[in-house]
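Before any comments, here is the structure.
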Amino acid sequence: MDLVTIKAAYTSAKFAKEALTTVLDYKIDQKSKDKINEVLEKVGPIQDTIFELREELFKLQDENRDLKNSLREINRWEERINKLDLKKTSGGATVYVSNSETPYYVCPNCIEKKEIQPLQPYAAGYMGDFKCPGCDKSYPIGNDKLSLSP
Ligand SMILES: [Zn+2]
């Protein structure tokens, strides 16, 4: 059921209620008036139910949109993480290495926070030490050869 169908049903119920209310003002016998009032009592709950359905549909549409956005975000992250391989380096550190054209080391600590932080050579440390600009953690990479960009 879509919003157009619900709106049409609501409009029909509203029309029926208004038409019956108008007929009540006509010069008709009491028996007919009683019957019309009986019908009007049934139309009210129908209108309420249609209104609730419309609200429920809005809520479901919002939820659906949020879930689609979450799924899109997850897929985007999966796509990025699939371009990384976890490797143990000769210096003893276990880090991620990108399998891109220009490979680089990635901080495993920041991956847990859903951040991809490329490690940078750490000038103040030993040769082969890299540091994460995101969490400041240093990694003993060693002298593994990656064709890192200059
Ligand atoms: Zn980090």
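All residue names refer to the structure tokens as shown: chains lettered A, B, ... in order, residues numbered from 1 in each chain, ligands numbered from 1 in order.
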Those of segment 3-107 of chain A in DSSP helix (DSSP H, G or I), formatted as an MDAnalysis selection string: chainID A and resid 3:24 30:81
Could you build a table of the residues in chain A lying no more than 10 Å from ligand 1, giving for each the nearest pair of atoms and their separation in Å rounded to one decimal place, using only C-alpha atoms and all ligand atoms, ordered by chain and ascending residue number, as CSV?
```
residue,atom,partner,partner_atom_place_in_ligand_line,distance
A:Val106,CA,ligand 1,1 (Zn),7.8
A:Cys107,CA,ligand 1,1 (Zn),4.6
A:Pro108,CA,ligand 1,1 (Zn),6.6
A:Asn109,CA,ligand 1,1 (Zn),5.0
A:Cys110,CA,ligand 1,1 (Zn),4.1
A:Ile111,CA,ligand 1,1 (Zn),7.4
A:Glu112,CA,ligand 1,1 (Zn),9.1
A:Lys113,CA,ligand 1,1 (Zn),8.8
A:Glu115,CA,ligand 1,1 (Zn),8.0
A:Ile116,CA,ligand 1,1 (Zn),8.0
A:Gln117,CA,ligand 1,1 (Zn),6.0
A:Pro118,CA,ligand 1,1 (Zn),8.3
A:Leu119,CA,ligand 1,1 (Zn),7.8
A:Lys131,CA,ligand 1,1 (Zn),7.9
A:Cys132,CA,ligand 1,1 (Zn),4.6
A:Pro133,CA,ligand 1,1 (Zn),6.5
A:Gly134,CA,ligand 1,1 (Zn),4.6
A:Cys135,CA,ligand 1,1 (Zn),4.0
A:Asp136,CA,ligand 1,1 (Zn),6.3
A:Lys137,CA,ligand 1,1 (Zn),6.0
A:Ser138,CA,ligand 1,1 (Zn),8.5
A:Tyr139,CA,ligand 1,1 (Zn),9.8
```
So which residues touch Leu24 of chain A within 12 Å, counting only C-alpha atoms, skipping near sequence neighbours fewer than 3 positions away, as a tab-separated table (two decimals) with C-alpha atoms, in the first residue's frame?
```tsv
chain	number	residue	atom	x	y	z
A	17	LYS	CA	-18.82	11.44	6.44
A	18	GLU	CA	-19.56	14.88	4.99
A	19	ALA	CA	-22.29	13.56	2.65
A	20	LEU	CA	-24.02	11.69	5.50
A	21	THR	CA	-23.78	14.74	7.78
A	27	LYS	CA	-36.20	16.62	6.29
A	28	ILE	CA	-36.07	12.87	6.75
A	29	ASP	CA	-37.76	10.57	9.18
A	30	GLN	CA	-36.17	9.70	12.55
A	31	LYS	CA	-35.58	6.09	11.55
A	32	SER	CA	-33.42	7.24	8.60
A	33	LYS	CA	-31.58	9.72	10.86
A	34	ASP	CA	-30.85	6.94	13.40
A	35	LYS	CA	-29.48	4.73	10.64
A	36	ILE	CA	-27.28	7.55	9.25
A	37	ASN	CA	-25.93	8.26	12.74
A	38	GLU	CA	-25.17	4.56	13.11
A	39	VAL	CA	-23.19	4.65	9.83
A	40	LEU	CA	-21.41	7.87	10.87
```
Strand (DSSP E or B) positions in segment 21-145 of chain A, given as a list in words: Leu84, Asp85, Leu86, Lys87, Lys88, Thr94, Val95, Tyr96, Val97, Ser98, Tyr105, Val106, Pro118, Gln120, Pro121, Asp129, Phe130, Lys131, Ser138, Tyr139 and Pro140 of chain A
Let me see the file: selected residues, C-alpha atoms, as a short mmCIF file (atom, residue, chain, number, x, y, z; two decimals), in the first residue's frame.
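And here's selection_6.cif as it stands now:
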```
data_model
loop_
_atom_site.label_atom_id
_atom_site.label_comp_id
_atom_site.auth_asym_id
_atom_site.auth_seq_id
_atom_site.Cartn_x
_atom_site.Cartn_y
_atom_site.Cartn_z
CA LEU A 84 43.89 -3.54 2.53
CA ASP A 85 45.75 -6.68 3.63
CA LEU A 86 46.91 -7.38 7.18
CA LYS A 87 50.65 -8.19 7.16
CA LYS A 88 53.41 -8.79 9.68
CA THR A 94 51.38 -6.13 12.22
CA VAL A 95 49.80 -3.45 10.07
CA TYR A 96 47.57 -3.16 7.07
CA VAL A 97 49.13 -2.64 3.65
CA SER A 98 47.12 -1.15 0.83
CA TYR A 105 50.95 1.13 5.56
CA VAL A 106 47.70 1.65 7.49
CA PRO A 118 48.29 5.98 6.40
CA GLN A 120 54.16 8.09 8.18
CA PRO A 121 57.95 7.54 8.60
CA ASP A 129 59.65 3.21 12.57
CA PHE A 130 56.36 4.60 11.38
CA LYS A 131 53.84 6.67 13.26
CA SER A 138 54.30 4.09 16.46
CA TYR A 139 54.98 0.84 14.59
CA PRO A 140 58.35 -0.90 14.03
#
```
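With atom CA of Ile6 of chain A on one side and atom CA of Glu63 of chain A on the other, the separation reads 18.8 Å.
Interatomic distance, atom CA of Glu55 of chain A to atom CA of Thr11 of chain A: 15.5 Å.
As for atom CA of Ser100 of chain A and atom CA of Gly128 of chain A, they are spaced 20.9 Å apart.
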Residues within 12 Å of Ala8 of chain A, only C-alpha atoms, excluding chain neighbours under 6 positions, as a PyMOL selection string: chain A and resi 1-2+14-15+47+50-51+54
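Using only C-alpha atoms, the shortest contact distance between Glu73 of chain A and any of A:Thr49, A:Leu60, A:Lys114, A:Gly92 is found at A:Lys114.
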